[in-house]
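Visitor: Submitted below is the structure of interest, expressed as structure tokens.
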Amino acid sequence: MQIANLQYTGAKIAPTFFGKVMFYFALAVLMSAVGAYAGFFYFLPMIVASRGLIYGIFALELILIFTSRMWMRKRPINYILFSAFTFITGVTIAPLLAVTVAEFGGLFIIKALAATALMFTASAIIGYTAKVDFTGIRGWLFMFLIGMIVVSVIGIFVPWSNTFEMIFSGFGVALFSIYTAVDFQLMLKRNTSHEFAMDVALMLYLDIFNLFIYILRLM
């Protein structure tokens with residue numbers, strides 16, 4: 001007998017795959033929020049004073065994400081590194097939040113968060129309920145993502161106009177909205193193996209995190 005996100009198995013209640021994914025996803029969002037708070041109120045002076053520090057944080061992020069397959073299913077290290085990664089990503093957006101608050105006020109952040117929540121929810125519903133299989137385009141989405149990363153690196157050395165920034169940010173919003181729909185469909189395909197729950201939660205977290213950044217930049 002299945003009730004909500006729980007299924008009755010003998011004498012104990014076991015979480016469904018969807019429930020596990022949502023638990024890890026909620027944990028990721030929570031740790032990211034804590035990291036953003038800590039970065040904004042405590043680490044920001046150090047980040048501003050030392051450019052090497054933010055580069056070191058980015059390097060640590062990359063190390064954790066590229067080694068995730070090695071630790072994702074090893075308890076309890078997976079919980080520790082998963083929480084650490086999402087906390088660190090929260091810290092990295094502290095400078096962006098500080099600039100936004102200084103220029104437009106804190107209400108602007110709340111509007112961006114609301115827009116992100118609505119866009120993410122709409123994309124998730126589309127991916128979860130659509131009869132068409134979108135997962136086959138994930139390879140193309142990854143190619144577009146690599147292209148955006150390359151353009152972002154070029155932008156560090158060759159500043160672009162506000163118009164290009166709007167186009168680039170709009171493309172980023174579209175890309176990660178589609179990613180969200182695709183990853184929700186992927187979750188349906190993997191719902192027979194609970195060992196992939198943290199993997200899917202990490203993908204969904206990266207979707208909403210990047211969606212928020214690009215919506216903030218676009219606004």
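Labels used: A, B, ... for chains in the order of the structure tokens, numbers from 1 for residues in each chain, and numbers from 1 for ligands as shown.
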Give me the residues within 8 Å of region 119-125 of chain A as a list in words, counting only C-alpha atoms and dropping any in the same chain fewer than 6 places off.

Guide: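 Final neighbour list, sorted by chain and number: Ser177, Ile178, Thr180, Ala181, Phe184, Ile208 and Leu211 of chain A.
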
Visitor: Using the selection just defined, write its residues with C-alpha atoms as a compact mmCIF listing (two decimals), in the first residue's frame.

Guide:
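The result, written out as again_19.txt:
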```txt
# COMPACT_ATOMS: atom_id res chain seq x y z
CA SER A 177 14.94 25.39 -17.28
CA ILE A 178 15.24 22.68 -19.94
CA THR A 180 15.37 20.83 -14.94
CA ALA A 181 12.65 19.22 -17.07
CA PHE A 184 13.06 15.25 -13.59
CA ILE A 208 18.08 25.48 -9.51
CA LEU A 211 18.82 29.07 -12.71
```

Visitor: Point out the residue among A:Val173, A:Pro95, A:Val132, A:Gly105 with the least atom-to-atom distance to Ala49 (chain A), counting only C-alpha atoms.

Guide: A:Pro95

Visitor: Choose the residue, out of A:Met166, A:Gln185, A:Phe142, A:Thr92, that has the smallest atom-to-atom separation from Ala130 (chain A); count only C-alpha atoms.

Guide: A:Gln185

Visitor: Would you mind reading off the distance between CA of Tyr128 (chain A) and CA of Ala115 (chain A), one decimal, in Å?

Guide: 19.8 Å

Visitor: For the atom pair CA of Asp183 (chain A) and CA of Met203 (chain A), what is the interatomic distance in Å to one decimal place?

Guide: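 It comes out at 7.0 Å.
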